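Trainee: Below is my_file-v3.txt; it holds compact mmCIF, C-alpha atoms (C1' of nucleotides).
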```txt
# COMPACT_ATOMS: atom_id res chain seq x y z
CA MET N 1 103.23 -27.67 39.01
CA PRO N 2 101.63 -30.23 40.90
CA GLU N 3 98.95 -32.24 39.20
CA LEU N 4 97.03 -35.11 40.74
CA PRO N 5 100.02 -37.49 41.19
CA GLU N 6 102.11 -34.83 42.92
CA VAL N 7 99.24 -33.76 45.18
CA GLU N 8 98.46 -37.39 46.03
CA THR N 9 102.15 -38.06 46.78
CA THR N 10 102.14 -35.01 49.03
CA ARG N 11 98.98 -36.23 50.77
CA ARG N 12 100.44 -39.67 51.44
CA GLY N 13 103.65 -38.12 52.73
CA LEU N 14 101.75 -35.91 55.17
CA VAL N 15 99.40 -38.52 56.61
CA PRO N 16 101.83 -40.16 59.09
CA PHE N 17 102.80 -36.77 60.50
CA VAL N 18 99.43 -35.08 60.81
CA VAL N 19 96.57 -37.55 61.23
CA ASN N 20 95.24 -37.50 64.79
CA GLN N 21 97.57 -34.62 65.63
CA ARG N 22 96.31 -31.50 67.31
CA ILE N 23 96.93 -28.13 65.71
CA ALA N 24 98.59 -25.65 68.05
CA THR N 25 98.38 -22.71 65.71
CA ALA N 26 98.68 -21.54 62.14
CA ILE N 27 101.07 -18.85 60.95
CA VAL N 28 100.18 -16.79 57.90
CA ARG N 29 103.18 -14.76 56.72
CA ASN N 30 101.59 -13.64 53.48
CA HIS N 31 97.84 -13.39 53.04
CA SER N 32 98.05 -12.58 49.39
CA LEU N 33 97.74 -15.86 47.51
CA ARG N 34 95.45 -16.35 44.51
CA LEU N 35 92.63 -15.58 46.91
CA PRO N 36 93.25 -13.86 50.26
CA VAL N 37 94.01 -16.25 53.11
CA PRO N 38 91.19 -15.67 55.62
CA ARG N 39 92.28 -13.52 58.57
CA SER N 40 90.32 -15.82 60.85
CA LEU N 41 92.18 -18.96 59.80
CA PRO N 42 94.58 -19.29 62.77
CA ARG N 43 91.68 -18.90 65.18
CA LEU N 44 89.61 -21.46 63.26
CA VAL N 45 92.24 -24.21 63.18
CA ALA N 46 93.86 -23.72 66.60
CA GLY N 47 92.97 -26.59 68.92
CA ALA N 48 91.46 -28.74 66.19
CA THR N 49 92.59 -32.32 65.64
CA ILE N 50 93.22 -33.44 62.08
CA ALA N 51 91.08 -36.53 61.60
CA ALA N 52 92.20 -37.23 58.02
CA VAL N 53 93.86 -35.72 54.99
CA GLY N 54 91.81 -36.08 51.83
CA ARG N 55 92.18 -34.96 48.27
CA ARG N 56 89.70 -33.77 45.68
CA GLY N 57 91.28 -33.09 42.32
CA LYS N 58 94.32 -31.00 43.17
CA TYR N 59 92.89 -29.74 46.46
CA LEU N 60 94.16 -31.11 49.77
CA LEU N 61 91.57 -31.36 52.52
CA PHE N 62 92.59 -31.38 56.19
CA ASP N 63 89.56 -32.66 58.05
CA CYS N 64 89.40 -30.61 61.24
CA GLY N 65 86.05 -31.89 62.48
CA PRO N 66 83.46 -29.15 62.05
CA GLY N 67 85.43 -27.54 59.24
CA THR N 68 88.14 -28.27 56.71
CA LEU N 69 91.42 -26.60 55.93
CA ILE N 70 91.58 -26.50 52.12
CA LEU N 71 94.93 -26.13 50.37
CA HIS N 72 95.81 -25.84 46.70
CA LEU N 73 99.40 -25.77 45.50
CA GLY N 74 98.80 -23.75 42.33
CA MET N 75 101.71 -23.81 39.91
CA SER N 76 104.68 -23.58 42.24
CA GLY N 77 103.39 -24.65 45.65
CA ARG N 78 105.13 -27.23 47.76
CA LEU N 79 104.02 -28.58 51.11
CA TRP N 80 106.35 -30.40 53.41
CA ILE N 81 107.30 -31.21 56.96
CA VAL N 82 109.83 -29.25 58.97
CA ASP N 83 110.75 -29.28 62.65
CA HIS N 84 109.42 -26.60 64.94
CA GLY N 85 111.82 -23.66 64.95
CA THR N 86 113.07 -24.12 61.39
CA PRO N 87 113.47 -20.56 60.13
CA PRO N 88 111.20 -19.68 57.22
CA GLU N 89 112.77 -18.95 53.87
CA PRO N 90 111.46 -16.54 51.24
CA HIS N 91 108.05 -17.61 49.88
CA ASP N 92 107.24 -19.68 52.98
CA HIS N 93 103.77 -18.17 53.31
CA PHE N 94 101.99 -20.54 55.64
CA ASP N 95 102.75 -22.89 58.57
CA LEU N 96 100.49 -25.34 60.32
CA VAL N 97 102.09 -25.85 63.73
CA LEU N 98 101.20 -29.11 65.46
CA ASP N 99 101.40 -29.91 69.17
CA SER N 100 103.89 -32.66 68.30
CA GLY N 101 106.46 -30.06 67.26
CA THR N 102 105.99 -30.85 63.60
CA VAL N 103 105.27 -28.02 61.20
CA VAL N 104 103.51 -28.38 57.84
CA ARG N 105 104.97 -25.60 55.68
CA LEU N 106 103.72 -24.13 52.41
CA ARG N 107 106.24 -22.56 50.05
CA ASP N 108 104.80 -21.01 46.90
CA PRO N 109 106.93 -18.49 44.98
CA ARG N 110 104.31 -17.68 42.37
CA ARG N 111 101.48 -17.49 44.92
CA PHE N 112 98.88 -19.13 42.70
CA GLY N 113 98.09 -21.48 45.56
CA LEU N 114 95.21 -21.25 48.02
CA VAL N 115 94.71 -21.62 51.76
CA LEU N 116 91.02 -21.61 52.61
CA TRP N 117 88.59 -22.71 55.27
CA GLY N 118 85.42 -24.66 54.51
CA ASN N 119 82.56 -25.07 56.94
CA GLY N 120 80.68 -28.36 56.87
CA ASP N 121 81.09 -30.58 53.82
CA PRO N 122 84.16 -29.29 51.96
CA LEU N 123 82.95 -30.85 48.73
CA ARG N 124 80.16 -28.30 48.70
CA HIS N 125 82.62 -25.42 48.76
CA THR N 126 82.15 -23.25 45.66
CA LEU N 127 85.58 -24.08 44.29
CA LEU N 128 85.13 -27.84 44.75
CA ALA N 129 81.47 -28.40 44.00
CA GLY N 130 81.81 -28.43 40.23
CA ILE N 131 84.89 -30.66 39.93
CA GLY N 132 84.43 -33.69 37.71
CA PRO N 133 84.79 -37.33 38.79
CA GLU N 134 88.06 -38.54 40.28
CA PRO N 135 89.98 -40.56 37.69
CA PHE N 136 90.07 -43.58 40.03
CA ASP N 137 86.36 -43.42 40.75
CA ALA N 138 84.00 -45.89 39.06
CA ALA N 139 82.09 -42.85 37.77
CA PHE N 140 85.02 -42.00 35.55
CA ASN N 141 85.12 -44.38 32.61
CA GLY N 142 84.77 -44.49 28.85
CA ASP N 143 81.00 -44.00 29.04
CA TRP N 144 81.42 -40.79 31.01
CA LEU N 145 84.11 -39.53 28.70
CA TYR N 146 81.95 -40.32 25.69
CA ARG N 147 78.96 -38.56 27.21
CA VAL N 148 80.76 -35.36 28.19
CA THR N 149 82.57 -35.03 24.88
CA ARG N 150 79.36 -34.99 22.81
CA ASN N 151 78.90 -31.64 21.09
CA ARG N 152 82.28 -30.43 22.26
CA THR N 153 84.08 -28.98 19.32
CA ALA N 154 87.20 -28.19 21.37
CA ALA N 155 90.34 -30.30 21.06
CA ILE N 156 90.36 -33.40 23.27
CA LYS N 157 93.42 -32.19 25.16
CA LEU N 158 91.69 -28.98 26.25
CA VAL N 159 88.67 -30.98 27.36
CA LEU N 160 90.83 -33.35 29.44
CA MET N 161 92.34 -30.36 31.22
CA ASP N 162 88.89 -29.04 32.10
CA GLY N 163 88.50 -29.92 35.77
CA HIS N 164 84.75 -30.20 35.33
CA VAL N 165 85.24 -33.17 32.99
CA VAL N 166 87.72 -35.11 35.11
CA ALA N 167 89.58 -34.06 38.26
CA GLY N 168 93.28 -33.51 38.59
CA ILE N 169 94.62 -33.69 35.03
CA GLY N 170 96.96 -30.87 34.10
CA ASN N 171 99.24 -30.20 31.19
CA ILE N 172 101.83 -32.93 31.79
CA TYR N 173 99.45 -35.82 32.30
CA ALA N 174 97.06 -34.72 29.56
CA ASN N 175 99.98 -34.89 27.14
CA GLU N 176 101.22 -38.22 28.50
CA ALA N 177 97.83 -39.94 28.67
CA LEU N 178 97.01 -38.93 25.09
CA PHE N 179 100.27 -40.44 23.92
CA HIS N 180 99.57 -43.73 25.69
CA ALA N 181 96.09 -43.81 24.16
CA GLY N 182 97.42 -42.99 20.69
CA VAL N 183 95.09 -39.99 20.43
CA ASN N 184 96.10 -36.78 18.66
CA PRO N 185 95.68 -33.88 21.13
CA ARG N 186 94.12 -31.74 18.37
CA GLN N 187 91.37 -34.25 17.74
CA ALA N 188 87.94 -32.63 18.21
CA ALA N 189 86.51 -34.13 21.40
CA GLN N 190 83.13 -34.83 19.81
CA ARG N 191 84.75 -36.99 17.17
CA MET N 192 86.02 -39.49 19.73
CA GLY N 193 84.13 -42.76 19.37
CA PRO N 194 83.10 -44.97 22.32
CA GLY N 195 86.06 -47.31 21.82
CA ARG N 196 88.61 -44.53 21.91
CA CYS N 197 86.91 -43.02 24.95
CA ASP N 198 87.21 -46.38 26.74
CA LEU N 199 90.87 -46.62 25.84
CA LEU N 200 91.61 -43.04 26.81
CA ALA N 201 89.89 -43.40 30.19
CA ASP N 202 91.99 -46.52 30.86
CA LYS N 203 95.21 -44.81 29.82
CA ILE N 204 94.48 -41.77 31.98
CA ARG N 205 94.14 -44.02 35.02
CA GLU N 206 97.21 -46.04 34.08
CA THR N 207 99.36 -42.97 33.52
CA LEU N 208 98.32 -41.38 36.81
CA GLU N 209 98.81 -44.64 38.70
CA LEU N 210 102.33 -45.07 37.34
CA ALA N 211 103.18 -41.47 38.22
CA ILE N 212 101.88 -41.87 41.78
CA GLY N 213 103.92 -45.07 42.09
CA ALA N 214 107.01 -43.10 41.11
CA GLY N 215 106.26 -40.39 43.68
CA GLY N 216 105.14 -37.90 41.04
CA SER N 217 107.31 -35.82 38.74
CA SER N 218 109.93 -33.45 40.10
CA LEU N 219 110.12 -30.39 37.91
CA ARG N 220 111.48 -27.11 39.11
CA ASP N 221 109.72 -26.58 42.44
CA TYR N 222 108.13 -29.88 43.20
CA VAL N 223 109.50 -32.23 45.85
CA GLY N 224 107.37 -34.66 47.87
CA SER N 225 106.43 -33.82 51.45
CA ASP N 226 109.03 -36.31 52.68
CA GLY N 227 111.68 -34.28 50.86
CA VAL N 228 112.22 -37.10 48.36
CA ALA N 229 112.01 -36.08 44.71
CA GLY N 230 109.58 -38.02 42.54
CA SER N 231 111.01 -39.70 39.46
CA PHE N 232 108.19 -39.98 36.94
CA GLN N 233 109.72 -37.31 34.71
CA SER N 234 112.19 -39.96 33.55
CA GLN N 235 109.23 -41.83 32.08
CA PHE N 236 107.81 -38.91 30.09
CA MET N 237 107.05 -40.08 26.56
CA VAL N 238 106.27 -36.65 25.09
CA TYR N 239 106.14 -33.89 27.70
CA ASP N 240 108.90 -31.32 27.11
CA ARG N 241 110.45 -33.53 24.43
CA ALA N 242 109.85 -31.39 21.32
CA GLY N 243 112.25 -32.40 18.55
CA GLU N 244 113.45 -35.51 20.37
CA PRO N 245 112.73 -38.95 18.91
CA CYS N 246 109.56 -40.75 19.94
CA HIS N 247 110.48 -43.57 22.32
CA ARG N 248 108.16 -45.88 20.38
CA CYS N 249 108.78 -45.05 16.70
CA GLY N 250 111.65 -42.56 16.52
CA THR N 251 109.64 -39.81 14.82
CA PRO N 252 110.51 -36.36 16.24
CA ILE N 253 108.04 -35.24 18.91
CA LYS N 254 106.05 -32.18 17.90
CA GLY N 255 105.53 -29.16 20.14
CA ILE N 256 102.51 -26.90 19.51
CA ARG N 257 100.38 -24.41 21.48
CA GLN N 258 96.80 -25.15 22.49
CA GLY N 259 94.82 -22.76 24.67
CA GLN N 260 98.05 -20.92 25.54
CA ARG N 261 99.60 -24.13 26.86
CA SER N 262 102.34 -26.30 25.43
CA THR N 263 101.29 -29.54 23.80
CA PHE N 264 103.64 -32.36 22.83
CA TYR N 265 102.77 -35.38 20.76
CA CYS N 266 104.10 -37.92 18.31
CA PRO N 267 102.59 -37.21 14.88
CA ARG N 268 102.97 -40.87 13.92
CA CYS N 269 101.81 -42.68 17.08
CA GLN N 270 98.94 -40.27 17.80
CA ARG N 271 96.30 -40.03 15.12
C1' DC H 1 114.95 -7.76 27.48
C1' DG H 2 111.08 -11.18 26.40
C1' DC H 3 109.36 -15.49 26.93
C1' DC H 4 108.29 -19.52 29.30
C1' DA H 5 106.67 -22.48 33.36
C1' DG H 6 103.00 -28.10 36.55
C1' DG H 7 96.54 -23.93 37.66
C1' DC H 8 92.36 -22.07 37.49
C1' DC H 9 89.12 -18.35 38.13
C1' DT H 10 86.64 -14.43 35.91
C1' DG H 11 84.76 -11.85 32.23
C1' DC H 12 83.70 -11.18 27.59
C1' DA H 13 82.13 -12.31 22.80
C1' DC H 14 79.88 -15.39 20.06
C1' DG H 15 76.34 -18.61 18.04
C1' DC H 16 72.19 -21.05 18.64
C1' DT R 1 67.01 -13.50 26.81
C1' DG R 2 69.49 -17.24 28.08
C1' DC R 3 72.61 -20.80 27.66
C1' DG R 4 76.94 -23.38 26.43
C1' DT R 5 81.23 -22.61 24.65
C1' DG R 6 85.73 -20.91 23.97
C1' DC R 7 89.03 -17.53 24.27
C1' DA R 8 91.95 -13.92 26.71
C1' DG R 9 93.47 -11.93 30.85
C1' DG R 10 94.90 -11.96 35.40
C1' DC R 11 97.23 -13.53 39.48
C1' DC R 12 103.00 -13.86 40.63
C1' DT R 13 108.20 -15.11 40.69
C1' DG R 14 112.19 -17.15 38.66
C1' DG R 15 115.01 -19.16 35.08
C1' DC R 16 116.78 -19.11 30.57
```
In structure tokens, what does this structure look like?

Mentor:
Amino acid sequence: MPELPEVETTRRGLVPFVVNQRIATAIVRNHSLRLPVPRSLPRLVAGATIAAVGRRGKYLLFDCGPGTLILHLGMSGRLWIVDHGTPPEPHDHFDLVLDSGTVVRLRDPRRFGLVLWGNGDPLRHTLLAGIGPEPFDAAFNGDWLYRVTRNRTAAIKLVLMDGHVVAGIGNIYANEALFHAGVNPRQAAQRMGPGRCDLLADKIRETLELAIGAGGSSLRDYVGSDGVAGSFQSQFMVYDRAGEPCHRCGTPIKGIRQGQRSTFYCPRCQR
DNA sequence: CGCCAGGCCTGCACGC
DNA sequence: TGCGTGCAGGCCTGGC
């Protein structure tokens, strides 16, 4: 599901509908997400005005003044805008009802998502405190990547997907960024030299930027909050292309398993 | 039927 | 004894 580009697309789609809007109430139809939705949530958000919608990694942060509504879309979560009175469908677990008559609705069939409340600085919340630098932050660069990969014997792809190393990169964009950097996903992280770390950091940013520009990738469940499907999947170079010819050199794309996840790469372009 | 799917936390075993 | 590390398992539904 949604990785950084999809969450960022969602965030941008929500902003015009929710910023400076007052929350009338919240409706929790199913408390059993990856962690229980707090029983007190409706009481906490009712009457608050949403000052901003932020993002940290794949977490969405609704700034409600003294506290923050924290949402994570998990694997199959989708957040979008419906009119007040729109009947909920199966897996519509959570509504944020605004005074304006707009409803922010969470649908998440697999229920790996999260709806939480954070008091004070949301970045100090246990689940957010340890997240690595944002890819578009100055703190994320080749130097950082070089530093955090020292002594890491794990494959570079697994390290990229570790949220403590860099925020927001999941399976799709790890695969895609490694292709664009010409790095073999099985490469031991510690064997990446400074030059390759620089290149990889650049390609991560580039890949994510392009995906955000395309409104993210629409696979299975994901559609942007404006209801418009993203189109970046048409630009996938390797993801889900096992056996198909590399767009650059024609060599069949390889599909392997790493850490119980699917990896795709071009054995010729990625060394 | 079994396997796979965009995430990520926890717990365990291991080596230093 | 403690740490970093790296796996496996778990949470769920739906599609093939």

Trainee: For the contact check between chain R and stretch 107-125 of chain N, emit one row per residue of chain R within 7 Å, containing the shortest atom pair and the distance in Å rounded to one decimal, counting only C-alpha atoms (C1' of nucleotides), chain then rising number order, as a tab-separated table.

Mentor:
```
residue	atom	partner	partner_atom	distance
R:DC11	C1'	N:Phe112	CA	6.7
R:DC12	C1'	N:Arg110	CA	4.4
R:DT13	C1'	N:Arg110	CA	5.0
```

Trainee: Write a file of the just-selected residues containing C-alpha atoms (C1' of nucleotides), as a short mmCIF file (atom, residue, chain, number, x, y, z; two decimals), keeping the file's coordinate frame.

Mentor:
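The result, stored in result-v3.cif:
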```cif
data_model
loop_
_atom_site.label_atom_id
_atom_site.label_comp_id
_atom_site.auth_asym_id
_atom_site.auth_seq_id
_atom_site.Cartn_x
_atom_site.Cartn_y
_atom_site.Cartn_z
"C1'" DC R 11 97.23 -13.53 39.48
"C1'" DC R 12 103.00 -13.86 40.63
"C1'" DT R 13 108.20 -15.11 40.69
#
```

Trainee: Provide the atom CA of N:Phe17 to atom CA of N:Leu98 distance in Å, to one decimal place.

Mentor: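 Computing it gives 9.3 Å between the two atoms.
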
Trainee: For chain H against chain N, with a cut-off of 10 Å and counting only C-alpha atoms (C1' of nucleotides), what is the closest atom pair and its distance in Å to one decimal for every residue that makes the cut, ordered by chain and number, as JSON lines?

Mentor:
```
{"residue": "H:DC4", "atom": "C1'", "partner": "N:Ser262", "partner_atom": "CA", "distance": 9.8}
{"residue": "H:DA5", "atom": "C1'", "partner": "N:Met75", "partner_atom": "CA", "distance": 8.3}
{"residue": "H:DG6", "atom": "C1'", "partner": "N:Met1", "partner_atom": "CA", "distance": 2.5}
{"residue": "H:DG7", "atom": "C1'", "partner": "N:Gly74", "partner_atom": "CA", "distance": 5.2}
{"residue": "H:DC8", "atom": "C1'", "partner": "N:Gly74", "partner_atom": "CA", "distance": 8.2}
{"residue": "H:DC9", "atom": "C1'", "partner": "N:Leu127", "partner_atom": "CA", "distance": 9.1}
```

Trainee: Rounded to one decimal, what separation in Å do you get between atom CA of N:Asp83 and atom CA of N:Leu106?

Mentor: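 Result for atom CA of N:Asp83 versus atom CA of N:Leu106: 13.4 Å, one decimal.
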
Trainee: Quick one, how far is atom CA of N:Arg241 from atom C1' of R:DG14?

Mentor: 21.8 Å

Trainee: Do a neighbour search on R:DA8 at 12 Å with all atoms listed in the file, toss out local chain neighbours closer than 4 positions, and write the hits as number ranges by chain.

Mentor: N: 259-260; H: 10-13

Trainee: Any idea what's packed within 9 Å of stretch 174-181 of chain N, counting only C-alpha atoms (C1' of nucleotides), ignoring anything in its chain fewer than 3 positions away? Could you give it as a PyMOL selection string?

Mentor: chain N and resi 156-158+160-161+169-171+184-185+196+199-208+236-239+263-266+269-270
